[in-house]
file query.pdb (PDB, C-alpha atoms, pLDDT in the B column)
ATOM      1  CA  LYS A 343     129.008  89.877 116.699  1.00 62.00           C
ATOM      2  CA  ASN A 344     126.793  90.456 113.679  1.00 72.00           C
ATOM      3  CA  GLN A 345     128.374  89.241 110.470  1.00 92.00           C
ATOM      4  CA  VAL A 346     126.979  92.261 108.620  1.00 96.00           C
ATOM      5  CA  GLU A 347     127.666  95.736 109.985  1.00 96.00           C
ATOM      6  CA  GLN A 348     126.141  98.868 108.484  1.00 97.00           C
ATOM      7  CA  SER A 349     127.117 102.474 109.001  1.00 97.00           C
ATOM      8  CA  PRO A 350     126.031 105.008 109.815  1.00 97.00           C
ATOM      9  CA  GLN A 351     123.052 103.901 111.916  1.00 96.00           C
ATOM     10  CA  SER A 352     121.180 106.998 110.839  1.00 97.00           C
ATOM     11  CA  LEU A 353     121.739 109.866 108.470  1.00 97.00           C
ATOM     12  CA  ILE A 354     119.975 113.140 107.753  1.00 98.00           C
ATOM     13  CA  ILE A 355     120.581 114.966 104.486  1.00 98.00           C
ATOM     14  CA  LEU A 356     118.967 117.784 102.539  1.00 98.00           C
ATOM     15  CA  GLU A 357     116.943 117.086  99.445  1.00 98.00           C
ATOM     16  CA  GLY A 358     119.086 117.086  96.342  1.00 98.00           C
ATOM     17  CA  LYS A 359     122.269 116.058  98.141  1.00 98.00           C
ATOM     18  CA  ASN A 360     124.159 112.812  97.624  1.00 98.00           C
ATOM     19  CA  CYS A 361     124.967 110.257 100.296  1.00 98.00           C
ATOM     20  CA  THR A 362     126.798 106.969 100.712  1.00 98.00           C
ATOM     21  CA  LEU A 363     125.839 104.119 102.998  1.00 98.00           C
ATOM     22  CA  GLN A 364     128.359 101.477 104.049  1.00 98.00           C
ATOM     23  CA  CYS A 365     128.125  97.737 104.608  1.00 98.00           C
ATOM     24  CA  ASN A 366     130.994  95.616 105.966  1.00 97.00           C
ATOM     25  CA  TYR A 367     130.643  91.873 106.258  1.00 96.00           C
ATOM     26  CA  THR A 368     132.477  88.805 107.479  1.00 95.00           C
ATOM     27  CA  VAL A 369     130.151  86.220 105.891  1.00 89.00           C
ATOM     28  CA  SER A 370     132.198  83.489 104.252  1.00 88.00           C
ATOM     29  CA  PRO A 371     132.333  81.956 101.748  1.00 89.00           C
ATOM     30  CA  PHE A 372     130.669  84.882 100.049  1.00 89.00           C
ATOM     31  CA  SER A 373     127.948  84.315  97.487  1.00 88.00           C
ATOM     32  CA  ASN A 374     126.179  87.630  96.932  1.00 91.00           C
ATOM     33  CA  LEU A 375     125.116  90.891  98.541  1.00 94.00           C
ATOM     34  CA  ARG A 376     121.745  92.527  98.158  1.00 94.00           C
ATOM     35  CA  TRP A 377     120.517  95.974  99.159  1.00 97.00           C
ATOM     36  CA  TYR A 378     116.914  96.432 100.263  1.00 97.00           C
ATOM     37  CA  LYS A 379     114.916  99.608 100.861  1.00 97.00           C
ATOM     38  CA  GLN A 380     112.383  99.537 103.684  1.00 97.00           C
ATOM     39  CA  ASP A 381     109.866 102.347 103.935  1.00 97.00           C
ATOM     40  CA  THR A 382     108.378 103.038 107.349  1.00 95.00           C
ATOM     41  CA  GLY A 383     105.667 100.520 108.140  1.00 94.00           C
ATOM     42  CA  ARG A 384     106.388  98.440 105.042  1.00 96.00           C
ATOM     43  CA  GLY A 385     108.404  95.364 104.203  1.00 96.00           C
ATOM     44  CA  PRO A 386     111.831  95.533 102.536  1.00 96.00           C
ATOM     45  CA  VAL A 387     112.012  95.815  98.750  1.00 96.00           C
ATOM     46  CA  SER A 388     115.045  94.695  96.761  1.00 94.00           C
ATOM     47  CA  LEU A 389     117.104  97.453  95.105  1.00 95.00           C
ATOM     48  CA  THR A 390     120.030  95.569  93.655  1.00 93.00           C
ATOM     49  CA  ILE A 391     122.152  92.453  93.974  1.00 91.00           C
ATOM     50  CA  MET A 392     125.932  92.174  93.717  1.00 92.00           C
ATOM     51  CA  THR A 393     127.767  88.947  92.963  1.00 89.00           C
ATOM     52  CA  PHE A 394     131.442  88.202  93.523  1.00 84.00           C
ATOM     53  CA  SER A 395     132.510  89.311  90.057  1.00 87.00           C
ATOM     54  CA  GLU A 396     130.645  92.622  90.056  1.00 89.00           C
ATOM     55  CA  ASN A 397     132.186  95.882  91.236  1.00 92.00           C
ATOM     56  CA  THR A 398     129.470  98.378  90.446  1.00 96.00           C
ATOM     57  CA  LYS A 399     125.795  98.226  89.610  1.00 95.00           C
ATOM     58  CA  SER A 400     123.304 101.030  89.167  1.00 94.00           C
ATOM     59  CA  ASN A 401     119.551 101.200  89.536  1.00 92.00           C
ATOM     60  CA  GLY A 402     118.434 104.697  88.654  1.00 95.00           C
ATOM     61  CA  ARG A 403     119.820 107.078  91.262  1.00 96.00           C
ATOM     62  CA  TYR A 404     121.122 104.171  93.342  1.00 97.00           C
ATOM     63  CA  THR A 405     124.631 102.826  92.710  1.00 97.00           C
ATOM     64  CA  ALA A 406     125.999  99.886  94.644  1.00 97.00           C
ATOM     65  CA  THR A 407     129.663  98.951  94.798  1.00 97.00           C
ATOM     66  CA  LEU A 408     131.340  95.818  96.060  1.00 96.00           C
ATOM     67  CA  ASP A 409     134.920  95.121  97.072  1.00 94.00           C
ATOM     68  CA  ALA A 410     135.026  91.396  97.771  1.00 91.00           C
ATOM     69  CA  ASP A 411     138.670  91.566  98.844  1.00 92.00           C
ATOM     70  CA  THR A 412     137.997  93.972 101.700  1.00 94.00           C
ATOM     71  CA  LYS A 413     134.455  92.643 102.209  1.00 94.00           C
ATOM     72  CA  GLN A 414     132.860  96.028 101.852  1.00 96.00           C
ATOM     73  CA  SER A 415     129.904  97.374  99.918  1.00 97.00           C
ATOM     74  CA  SER A 416     128.449 100.816  99.572  1.00 98.00           C
ATOM     75  CA  LEU A 417     125.172 102.230  98.344  1.00 98.00           C
ATOM     76  CA  HIS A 418     125.408 105.686  96.826  1.00 98.00           C
ATOM     77  CA  ILE A 419     122.262 107.750  96.382  1.00 98.00           C
ATOM     78  CA  THR A 420     122.469 110.640  93.952  1.00 98.00           C
ATOM     79  CA  ALA A 421     120.298 113.766  94.010  1.00 98.00           C
ATOM     80  CA  SER A 422     118.261 112.560  96.950  1.00 97.00           C
ATOM     81  CA  GLN A 423     114.503 112.956  97.037  1.00 97.00           C
ATOM     82  CA  LEU A 424     112.064 113.038  99.940  1.00 98.00           C
ATOM     83  CA  SER A 425     110.875 109.582  98.898  1.00 97.00           C
ATOM     84  CA  ASP A 426     114.356 108.204  99.579  1.00 98.00           C
ATOM     85  CA  SER A 427     113.629 108.534 103.298  1.00 98.00           C
ATOM     86  CA  ALA A 428     113.700 104.930 104.454  1.00 98.00           C
ATOM     87  CA  SER A 429     115.879 102.282 106.030  1.00 98.00           C
ATOM     88  CA  TYR A 430     118.426 100.634 103.768  1.00 98.00           C
ATOM     89  CA  ILE A 431     119.322  97.078 104.614  1.00 97.00           C
ATOM     90  CA  CYS A 432     122.356  95.130 103.453  1.00 97.00           C
ATOM     91  CA  VAL A 433     121.939  91.355 103.169  1.00 95.00           C
ATOM     92  CA  VAL A 434     124.872  89.023 102.563  1.00 93.00           C
ATOM     93  CA  SER A 435     124.446  85.414 101.490  1.00 90.00           C
ATOM     94  CA  ALA A 436     126.897  82.601 102.050  1.00 87.00           C
ATOM     95  CA  LYS A 437     127.484  79.903  99.452  1.00 83.00           C
ATOM     96  CA  LYS A 438     126.471  77.221 101.938  1.00 76.00           C
ATOM     97  CA  ASN A 439     122.691  76.824 101.679  1.00 71.00           C
ATOM     98  CA  ASN A 440     122.448  80.477 100.585  1.00 70.00           C
ATOM     99  CA  ASP A 441     122.219  81.425 104.276  1.00 82.00           C
ATOM    100  CA  MET A 442     121.356  85.113 104.464  1.00 88.00           C
ATOM    101  CA  ARG A 443     122.614  87.531 107.109  1.00 92.00           C
ATOM    102  CA  PHE A 444     120.887  90.869 107.493  1.00 94.00           C
ATOM    103  CA  GLY A 445     122.463  94.095 108.622  1.00 96.00           C
ATOM    104  CA  ALA A 446     120.590  96.278 111.094  1.00 96.00           C
ATOM    105  CA  GLY A 447     120.102  98.942 108.442  1.00 97.00           C
ATOM    106  CA  THR A 448     120.818 102.632 107.981  1.00 98.00           C
ATOM    107  CA  ARG A 449     117.928 104.985 108.609  1.00 97.00           C
ATOM    108  CA  LEU A 450     118.053 107.795 106.003  1.00 98.00           C
ATOM    109  CA  THR A 451     115.999 110.951 106.411  1.00 98.00           C
ATOM    110  CA  VAL A 452     115.843 113.407 103.532  1.00 98.00           C
ATOM    111  CA  LYS A 453     114.672 116.866 104.556  1.00 97.00           C
ATOM    112  CA  PRO A 454     113.345 119.579 102.240  1.00 96.00           C
TER     113      PRO A 454
ATOM    114  CA  ASN B 309      98.758  92.460  92.473  1.00 65.00           C
ATOM    115  CA  ALA B 310      98.472  91.463  96.144  1.00 76.00           C
ATOM    116  CA  GLY B 311     101.935  89.915  96.512  1.00 94.00           C
ATOM    117  CA  VAL B 312     102.497  88.833 100.121  1.00 97.00           C
ATOM    118  CA  THR B 313      99.650  89.589 102.514  1.00 97.00           C
ATOM    119  CA  GLN B 314     100.051  89.464 106.275  1.00 98.00           C
ATOM    120  CA  THR B 315      97.282  89.642 108.855  1.00 97.00           C
ATOM    121  CA  PRO B 316      96.762  91.124 111.335  1.00 97.00           C
ATOM    122  CA  LYS B 317      98.832  94.301 110.987  1.00 97.00           C
ATOM    123  CA  PHE B 318      98.815  94.921 114.740  1.00 97.00           C
ATOM    124  CA  GLN B 319      98.187  92.667 117.719  1.00 96.00           C
ATOM    125  CA  VAL B 320      98.477  92.951 121.486  1.00 97.00           C
ATOM    126  CA  LEU B 321      98.636  89.768 123.537  1.00 96.00           C
ATOM    127  CA  LYS B 322      98.971  88.873 127.175  1.00 97.00           C
ATOM    128  CA  THR B 323     101.782  86.633 128.331  1.00 97.00           C
ATOM    129  CA  GLY B 324     100.821  82.993 127.885  1.00 96.00           C
ATOM    130  CA  GLN B 325      98.275  83.545 125.142  1.00 96.00           C
ATOM    131  CA  SER B 326      98.634  81.846 121.796  1.00 95.00           C
ATOM    132  CA  MET B 327      97.901  83.180 118.356  1.00 95.00           C
ATOM    133  CA  THR B 328      98.512  82.625 114.661  1.00 97.00           C
ATOM    134  CA  LEU B 329     100.016  85.170 112.300  1.00 98.00           C
ATOM    135  CA  GLN B 330      98.708  84.664 108.797  1.00 98.00           C
ATOM    136  CA  CYS B 331     100.721  84.930 105.588  1.00 98.00           C
ATOM    137  CA  ALA B 332      99.480  84.361 102.056  1.00 97.00           C
ATOM    138  CA  GLN B 333     101.134  84.903  98.686  1.00 97.00           C
ATOM    139  CA  ASP B 334      99.594  84.823  95.223  1.00 95.00           C
ATOM    140  CA  MET B 335     102.783  84.498  93.147  1.00 93.00           C
ATOM    141  CA  ASN B 336     102.994  80.693  93.258  1.00 92.00           C
ATOM    142  CA  HIS B 337     106.339  80.947  95.053  1.00 93.00           C
ATOM    143  CA  GLU B 338     107.904  77.764  96.384  1.00 93.00           C
ATOM    144  CA  TYR B 339     109.969  79.336  99.124  1.00 93.00           C
ATOM    145  CA  MET B 340     108.399  81.128 102.082  1.00 95.00           C
ATOM    146  CA  SER B 341     109.918  82.320 105.310  1.00 95.00           C
ATOM    147  CA  TRP B 342     109.219  84.151 108.542  1.00 97.00           C
ATOM    148  CA  TYR B 343     111.499  86.770 110.098  1.00 97.00           C
ATOM    149  CA  ARG B 344     111.409  88.924 113.146  1.00 97.00           C
ATOM    150  CA  GLN B 345     112.794  92.455 113.184  1.00 97.00           C
ATOM    151  CA  ASP B 346     113.923  93.969 116.448  1.00 95.00           C
ATOM    152  CA  PRO B 347     115.346  97.468 117.025  1.00 91.00           C
ATOM    153  CA  GLY B 348     119.055  97.698 116.300  1.00 88.00           C
ATOM    154  CA  MET B 349     119.194  94.192 114.879  1.00 90.00           C
ATOM    155  CA  GLY B 350     118.943  92.698 111.435  1.00 90.00           C
ATOM    156  CA  LEU B 351     116.045  90.506 110.421  1.00 94.00           C
ATOM    157  CA  ARG B 352     116.400  87.033 111.867  1.00 95.00           C
ATOM    158  CA  LEU B 353     115.002  83.912 110.268  1.00 94.00           C
ATOM    159  CA  ILE B 354     112.473  82.001 112.382  1.00 97.00           C
ATOM    160  CA  HIS B 355     111.233  79.220 110.086  1.00 96.00           C
ATOM    161  CA  TYR B 356     111.146  78.598 106.377  1.00 94.00           C
ATOM    162  CA  SER B 357     109.530  76.295 103.842  1.00 94.00           C
ATOM    163  CA  VAL B 358     110.792  75.154 100.439  1.00 92.00           C
ATOM    164  CA  GLY B 359     107.384  73.862  99.379  1.00 92.00           C
ATOM    165  CA  ALA B 360     104.050  72.535 100.561  1.00 93.00           C
ATOM    166  CA  GLY B 361     104.499  70.004 103.334  1.00 93.00           C
ATOM    167  CA  ILE B 362     108.142  70.919 103.976  1.00 94.00           C
ATOM    168  CA  THR B 363     109.290  73.227 106.760  1.00 96.00           C
ATOM    169  CA  ASP B 364     112.556  73.780 108.584  1.00 94.00           C
ATOM    170  CA  GLN B 365     113.960  75.836 111.430  1.00 95.00           C
ATOM    171  CA  GLY B 366     115.856  79.046 111.033  1.00 93.00           C
ATOM    172  CA  GLU B 367     118.053  80.953 113.433  1.00 92.00           C
ATOM    173  CA  VAL B 368     115.479  81.666 116.188  1.00 95.00           C
ATOM    174  CA  PRO B 369     112.739  78.990 116.063  1.00 96.00           C
ATOM    175  CA  ASN B 370     112.034  78.506 119.774  1.00 95.00           C
ATOM    176  CA  GLY B 371     108.475  79.380 120.779  1.00 95.00           C
ATOM    177  CA  TYR B 372     107.151  79.283 117.212  1.00 97.00           C
ATOM    178  CA  ASN B 373     105.539  76.652 115.025  1.00 97.00           C
ATOM    179  CA  VAL B 374     104.778  76.661 111.304  1.00 97.00           C
ATOM    180  CA  SER B 375     103.004  74.485 108.788  1.00 96.00           C
ATOM    181  CA  ARG B 376     102.692  74.612 104.998  1.00 97.00           C
ATOM    182  CA  SER B 377      99.626  72.759 103.796  1.00 96.00           C
ATOM    183  CA  THR B 378      99.303  74.785 100.572  1.00 96.00           C
ATOM    184  CA  THR B 379     101.701  76.689  98.330  1.00 95.00           C
ATOM    185  CA  GLU B 380      99.918  79.953  99.111  1.00 96.00           C
ATOM    186  CA  ASP B 381      99.734  79.945 102.918  1.00 97.00           C
ATOM    187  CA  PHE B 382     102.403  79.835 105.606  1.00 98.00           C
ATOM    188  CA  PRO B 383     101.003  80.635 109.082  1.00 98.00           C
ATOM    189  CA  LEU B 384     103.220  81.255 112.097  1.00 98.00           C
ATOM    190  CA  ARG B 385     101.968  80.127 115.500  1.00 97.00           C
ATOM    191  CA  LEU B 386     103.054  81.486 118.835  1.00 96.00           C
ATOM    192  CA  LEU B 387     102.477  78.703 121.330  1.00 91.00           C
ATOM    193  CA  SER B 388     102.640  80.639 124.607  1.00 95.00           C
ATOM    194  CA  ALA B 389     103.456  84.298 124.084  1.00 95.00           C
ATOM    195  CA  ALA B 390     106.316  85.823 126.069  1.00 96.00           C
ATOM    196  CA  PRO B 391     107.385  89.496 126.314  1.00 96.00           C
ATOM    197  CA  SER B 392     110.612  88.571 124.475  1.00 96.00           C
ATOM    198  CA  GLN B 393     108.491  87.835 121.421  1.00 97.00           C
ATOM    199  CA  THR B 394     107.427  91.466 121.129  1.00 97.00           C
ATOM    200  CA  SER B 395     108.645  92.324 117.654  1.00 97.00           C
ATOM    201  CA  VAL B 396     107.681  93.054 114.079  1.00 97.00           C
ATOM    202  CA  TYR B 397     107.176  89.868 112.092  1.00 98.00           C
ATOM    203  CA  PHE B 398     107.717  89.687 108.352  1.00 98.00           C
ATOM    204  CA  CYS B 399     106.726  86.963 105.971  1.00 97.00           C
ATOM    205  CA  ALA B 400     108.577  86.647 102.674  1.00 96.00           C
ATOM    206  CA  SER B 401     108.384  84.514  99.556  1.00 95.00           C
ATOM    207  CA  SER B 402     110.483  83.814  96.477  1.00 92.00           C
ATOM    208  CA  TRP B 403     110.661  81.334  93.607  1.00 87.00           C
ATOM    209  CA  GLY B 404     113.342  79.427  95.419  1.00 75.00           C
ATOM    210  CA  ARG B 405     116.183  79.803  97.872  1.00 69.00           C
ATOM    211  CA  ARG B 406     118.596  80.928  95.172  1.00 71.00           C
ATOM    212  CA  PHE B 407     120.570  84.135  95.389  1.00 64.00           C
ATOM    213  CA  TRP B 408     119.336  85.666  92.153  1.00 69.00           C
ATOM    214  CA  GLN B 409     115.744  85.525  93.307  1.00 78.00           C
ATOM    215  CA  PRO B 410     114.795  88.450  95.535  1.00 84.00           C
ATOM    216  CA  GLN B 411     112.494  87.837  98.427  1.00 89.00           C
ATOM    217  CA  HIS B 412     109.129  89.592  98.376  1.00 94.00           C
ATOM    218  CA  PHE B 413     108.132  90.761 101.829  1.00 96.00           C
ATOM    219  CA  GLY B 414     104.760  91.470 103.354  1.00 97.00           C
ATOM    220  CA  ASP B 415     104.196  94.671 105.298  1.00 97.00           C
ATOM    221  CA  GLY B 416     104.613  92.998 108.665  1.00 97.00           C
ATOM    222  CA  THR B 417     102.653  92.242 111.815  1.00 98.00           C
ATOM    223  CA  ARG B 418     103.484  94.401 114.807  1.00 97.00           C
ATOM    224  CA  LEU B 419     103.095  92.257 117.885  1.00 97.00           C
ATOM    225  CA  SER B 420     103.217  93.413 121.509  1.00 97.00           C
ATOM    226  CA  ILE B 421     103.231  90.965 124.414  1.00 97.00           C
ATOM    227  CA  LEU B 422     102.245  92.431 127.760  1.00 95.00           C
TER     228      LEU B 422
END
call {"tool": "encode", "arguments": {"input": "query.pdb", "output": "structure tokens"}}
result
Amino acid sequence: KNQVEQSPQSLIILEGKNCTLQCNYTVSPFSNLRWYKQDTGRGPVSLTIMTFSENTKSNGRYTATLDADTKQSSLHITASQLSDSASYICVVSAKKNNDMRFGAGTRLTVKP
Amino acid sequence: NAGVTQTPKFQVLKTGQSMTLQCAQDMNHEYMSWYRQDPGMGLRLIHYSVGAGITDQGEVPNGYNVSRSTTEDFPLRLLSAAPSQTSVYFCASSWGRRFWQPQHFGDGTRLSIL
């Protein structure tokens, strides 16, 4: 079983609406969690990183949260734009050797 | 800024053929890695390098070879292509294998093995 599970697999929303993507992990011992955005046909680009002591971090219209006790993270997108259409990938690193485990991603489609 | 450049972008091979996927970065990054991305699965690490002359295996190394003769280049070789190696391959680089340093990814090579 994958140590990083993302939900939903895909999501369609209207432009201007908000949405929340989920990431649950079992990676242990936990070091950090990073969210990447991957546009179609491109490589992933880092959006934000969360460490054990951080609960919330924002990057423009993107807000990531982390609950290290329940091993859950979310990525909230506010006032979505067409350019937000992409896959969003959650990556969790373990303290040992900084081994990284990638989620399968959530495919977000923003429609006008 | 070029960042991480991968060539070719697309490739079709026949089973048993060999080929090299090229990766070059111009950021003087120490750490480079190769991943494959398959539908419904997260990226999986194939091989990585912490510096010129040093390489190591990742999660799925079988059927692939790498070398790191320079800081800039990190080619991935498929020895004898198999249909199971049909995938999208990403090369990435960073200053080091430390959590605060994000990886910079290339735009991928889409490889089909017939």
call {"tool": "resolve_selection", "arguments": {"input": "query.pdb", "expression": "the PyMOL selection byres ((chain B) within 10 of (chain A))", "output": "ChimeraX atom specification"}}
result
/B:312,317,345-353,366,396-400,405-418
call {"tool": "write_last_selection", "arguments": {"input": "query.pdb", "atoms": "C-alpha atoms", "output": "PDB file, in the frame of the given file"}}
result
ATOM      1  CA  VAL B 312     102.497  88.833 100.121  1.00 97.00           C
ATOM      2  CA  LYS B 317      98.832  94.301 110.987  1.00 97.00           C
ATOM      3  CA  GLN B 345     112.794  92.455 113.184  1.00 97.00           C
ATOM      4  CA  ASP B 346     113.923  93.969 116.448  1.00 95.00           C
ATOM      5  CA  PRO B 347     115.346  97.468 117.025  1.00 91.00           C
ATOM      6  CA  GLY B 348     119.055  97.698 116.300  1.00 88.00           C
ATOM      7  CA  MET B 349     119.194  94.192 114.879  1.00 90.00           C
ATOM      8  CA  GLY B 350     118.943  92.698 111.435  1.00 90.00           C
ATOM      9  CA  LEU B 351     116.045  90.506 110.421  1.00 94.00           C
ATOM     10  CA  ARG B 352     116.400  87.033 111.867  1.00 95.00           C
ATOM     11  CA  LEU B 353     115.002  83.912 110.268  1.00 94.00           C
ATOM     12  CA  GLY B 366     115.856  79.046 111.033  1.00 93.00           C
ATOM     13  CA  VAL B 396     107.681  93.054 114.079  1.00 97.00           C
ATOM     14  CA  TYR B 397     107.176  89.868 112.092  1.00 98.00           C
ATOM     15  CA  PHE B 398     107.717  89.687 108.352  1.00 98.00           C
ATOM     16  CA  CYS B 399     106.726  86.963 105.971  1.00 97.00           C
ATOM     17  CA  ALA B 400     108.577  86.647 102.674  1.00 96.00           C
ATOM     18  CA  ARG B 405     116.183  79.803  97.872  1.00 69.00           C
ATOM     19  CA  ARG B 406     118.596  80.928  95.172  1.00 71.00           C
ATOM     20  CA  PHE B 407     120.570  84.135  95.389  1.00 64.00           C
ATOM     21  CA  TRP B 408     119.336  85.666  92.153  1.00 69.00           C
ATOM     22  CA  GLN B 409     115.744  85.525  93.307  1.00 78.00           C
ATOM     23  CA  PRO B 410     114.795  88.450  95.535  1.00 84.00           C
ATOM     24  CA  GLN B 411     112.494  87.837  98.427  1.00 89.00           C
ATOM     25  CA  HIS B 412     109.129  89.592  98.376  1.00 94.00           C
ATOM     26  CA  PHE B 413     108.132  90.761 101.829  1.00 96.00           C
ATOM     27  CA  GLY B 414     104.760  91.470 103.354  1.00 97.00           C
ATOM     28  CA  ASP B 415     104.196  94.671 105.298  1.00 97.00           C
ATOM     29  CA  GLY B 416     104.613  92.998 108.665  1.00 97.00           C
ATOM     30  CA  THR B 417     102.653  92.242 111.815  1.00 98.00           C
ATOM     31  CA  ARG B 418     103.484  94.401 114.807  1.00 97.00           C
TER      32      ARG B 418
END
call {"tool": "resolve_selection", "arguments": {"input": "query.pdb", "expression": "the PyMOL selection byres ((chain A and resi 352) around 8)", "output": "ChimeraX atom specification"}}
result
/A:349-351,353-354,448-451
call {"tool": "residues_around", "arguments": {"input": "query.pdb", "residues": "range 386-388 of chain B", "least_positions_apart": "6", "cutoff": "9 Å", "atoms": "all atoms listed in the file", "output": "compact mmCIF listing (two decimals) with C-alpha atoms, keeping the file's coordinate frame"}}
result
# COMPACT_ATOMS: atom_id res chain seq x y z
CA THR B 323 101.78 86.63 128.33
CA GLY B 324 100.82 82.99 127.88
CA GLN B 325 98.28 83.54 125.14
CA SER B 326 98.63 81.85 121.80
CA MET B 327 97.90 83.18 118.36
CA THR B 328 98.51 82.62 114.66
CA LEU B 329 100.02 85.17 112.30
CA GLY B 371 108.48 79.38 120.78
CA TYR B 372 107.15 79.28 117.21
CA ASN B 373 105.54 76.65 115.02
call {"tool": "atom_distance", "arguments": {"input": "query.pdb", "atom1": "CA of Tyr356 in chain B", "atom2": "CA of Gln333 in chain B"}}
result
14.1 Å
call {"tool": "residues_around", "arguments": {"input": "query.pdb", "residues": "Tyr404 in chain A", "least_positions_apart": "2", "cutoff": "8 Å", "atoms": "all atoms listed in the file", "output": "MDAnalysis selection string"}}
result
chainID A and resid 400:402 406 417:420
call {"tool": "residues_near_point", "arguments": {"input": "query.pdb", "point": "(133.4, 93.9, 91.9)", "cutoff": "12 Å", "atoms": "only C-alpha atoms", "output": "ChimeraX atom specification"}}
result
/A:374-375,391-399,406-416
call {"tool": "atom_distance", "arguments": {"input": "query.pdb", "atom1": "CA of Leu419 in chain B", "atom2": "CA of Ser375 in chain B"}}
result
20.0 Å
call {"tool": "resolve_selection", "arguments": {"input": "query.pdb", "expression": "the PyMOL selection byres ((chain A and resi 355) around 10)", "output": "PDB file with C-alpha atoms, in the frame of the given file"}}
result
ATOM      1  CA  LEU A 353     121.739 109.866 108.470  1.00 97.00           C
ATOM      2  CA  ILE A 354     119.975 113.140 107.753  1.00 98.00           C
ATOM      3  CA  LEU A 356     118.967 117.784 102.539  1.00 98.00           C
ATOM      4  CA  GLU A 357     116.943 117.086  99.445  1.00 98.00           C
ATOM      5  CA  GLY A 358     119.086 117.086  96.342  1.00 98.00           C
ATOM      6  CA  LYS A 359     122.269 116.058  98.141  1.00 98.00           C
ATOM      7  CA  ASN A 360     124.159 112.812  97.624  1.00 98.00           C
ATOM      8  CA  CYS A 361     124.967 110.257 100.296  1.00 98.00           C
ATOM      9  CA  SER A 422     118.261 112.560  96.950  1.00 97.00           C
ATOM     10  CA  GLN A 423     114.503 112.956  97.037  1.00 97.00           C
ATOM     11  CA  LEU A 424     112.064 113.038  99.940  1.00 98.00           C
ATOM     12  CA  SER A 427     113.629 108.534 103.298  1.00 98.00           C
ATOM     13  CA  LEU A 450     118.053 107.795 106.003  1.00 98.00           C
ATOM     14  CA  THR A 451     115.999 110.951 106.411  1.00 98.00           C
ATOM     15  CA  VAL A 452     115.843 113.407 103.532  1.00 98.00           C
ATOM     16  CA  LYS A 453     114.672 116.866 104.556  1.00 97.00           C
ATOM     17  CA  PRO A 454     113.345 119.579 102.240  1.00 96.00           C
TER      18      PRO A 454
END
call {"tool": "residues_around", "arguments": {"input": "query.pdb", "residues": "Pro383 in chain B", "least_positions_apart": "6", "cutoff": "6 Å", "atoms": "all atoms listed in the file", "output": "ChimeraX atom specification"}}
result
/B:329-331,374
call {"tool": "write_last_selection", "arguments": {"input": "query.pdb", "atoms": "C-alpha atoms", "output": "CSV table (one decimal), in the coordinates of the input"}}
result
chain,number,residue,atom,x,y,z
B,329,LEU,CA,100.0,85.2,112.3
B,330,GLN,CA,98.7,84.7,108.8
B,331,CYS,CA,100.7,84.9,105.6
B,374,VAL,CA,104.8,76.7,111.3
call {"tool": "atom_distance", "arguments": {"input": "query.pdb", "atom1": "CA of Leu422 in chain B", "atom2": "CA of Gln393 in chain B"}}
result
10.0 Å
call {"tool": "residues_around", "arguments": {"input": "query.pdb", "residues": "Gly359 in chain B", "least_positions_apart": "2", "cutoff": "7 Å", "atoms": "only C-alpha atoms", "output": "ChimeraX atom specification"}}
result
/B:338-339,357,361-362,379
call {"tool": "closest_residue", "arguments": {"input": "query.pdb", "among": "B:Ser377, B:Arg344, B:Gln365, B:His355", "to": "Ser392 in chain B", "atoms": "all atoms listed in the file"}}
result
B:Arg344
call {"tool": "axis_aligned_box", "arguments": {"input": "query.pdb", "around": "range 440-447 of chain A", "padding_each_side": "8 Å", "output": "JSON"}}
result
{"center_x": 121.4, "center_y": 89.7, "center_z": 105.8, "size_x": 18.5, "size_y": 34.5, "size_z": 26.5}
call {"tool": "decode", "arguments": {"input": "query.pdb", "residues": "range 349-358 of chain B", "atoms": "N, CA and C atoms", "output": "tab-separated table (two decimals), in the first residue's frame"}}
result
chain	number	residue	atom	x	y	z
B	349	MET	N	-0.05	6.15	-10.07
B	349	MET	CA	1.00	5.91	-9.08
B	349	MET	C	1.82	7.18	-8.87
B	350	GLY	N	2.41	7.28	-7.70
B	350	GLY	CA	3.31	8.39	-7.45
B	350	GLY	C	4.63	8.20	-8.18
B	351	LEU	N	5.38	9.28	-8.29
B	351	LEU	CA	6.72	9.16	-8.87
B	351	LEU	C	7.56	8.19	-8.05
B	352	ARG	N	8.31	7.37	-8.75
B	352	ARG	CA	9.18	6.40	-8.07
B	352	ARG	C	10.63	6.64	-8.47
B	353	LEU	N	11.49	6.61	-7.47
B	353	LEU	CA	12.90	6.92	-7.67
B	353	LEU	C	13.62	5.74	-8.31
B	354	ILE	N	14.35	6.02	-9.41
B	354	ILE	CA	15.07	4.96	-10.11
B	354	ILE	C	16.53	4.92	-9.64
B	355	HIS	N	17.23	6.02	-9.84
B	355	HIS	CA	18.62	6.18	-9.40
B	355	HIS	C	18.82	7.62	-8.97
B	356	TYR	N	19.85	7.84	-8.17
B	356	TYR	CA	20.18	9.21	-7.80
B	356	TYR	C	21.68	9.37	-7.65
B	357	SER	N	22.10	10.63	-7.60
B	357	SER	CA	23.53	10.93	-7.47
B	357	SER	C	23.70	12.13	-6.55
B	358	VAL	N	24.63	12.02	-5.61
B	358	VAL	CA	24.88	13.13	-4.67
B	358	VAL	C	26.06	13.98	-5.12
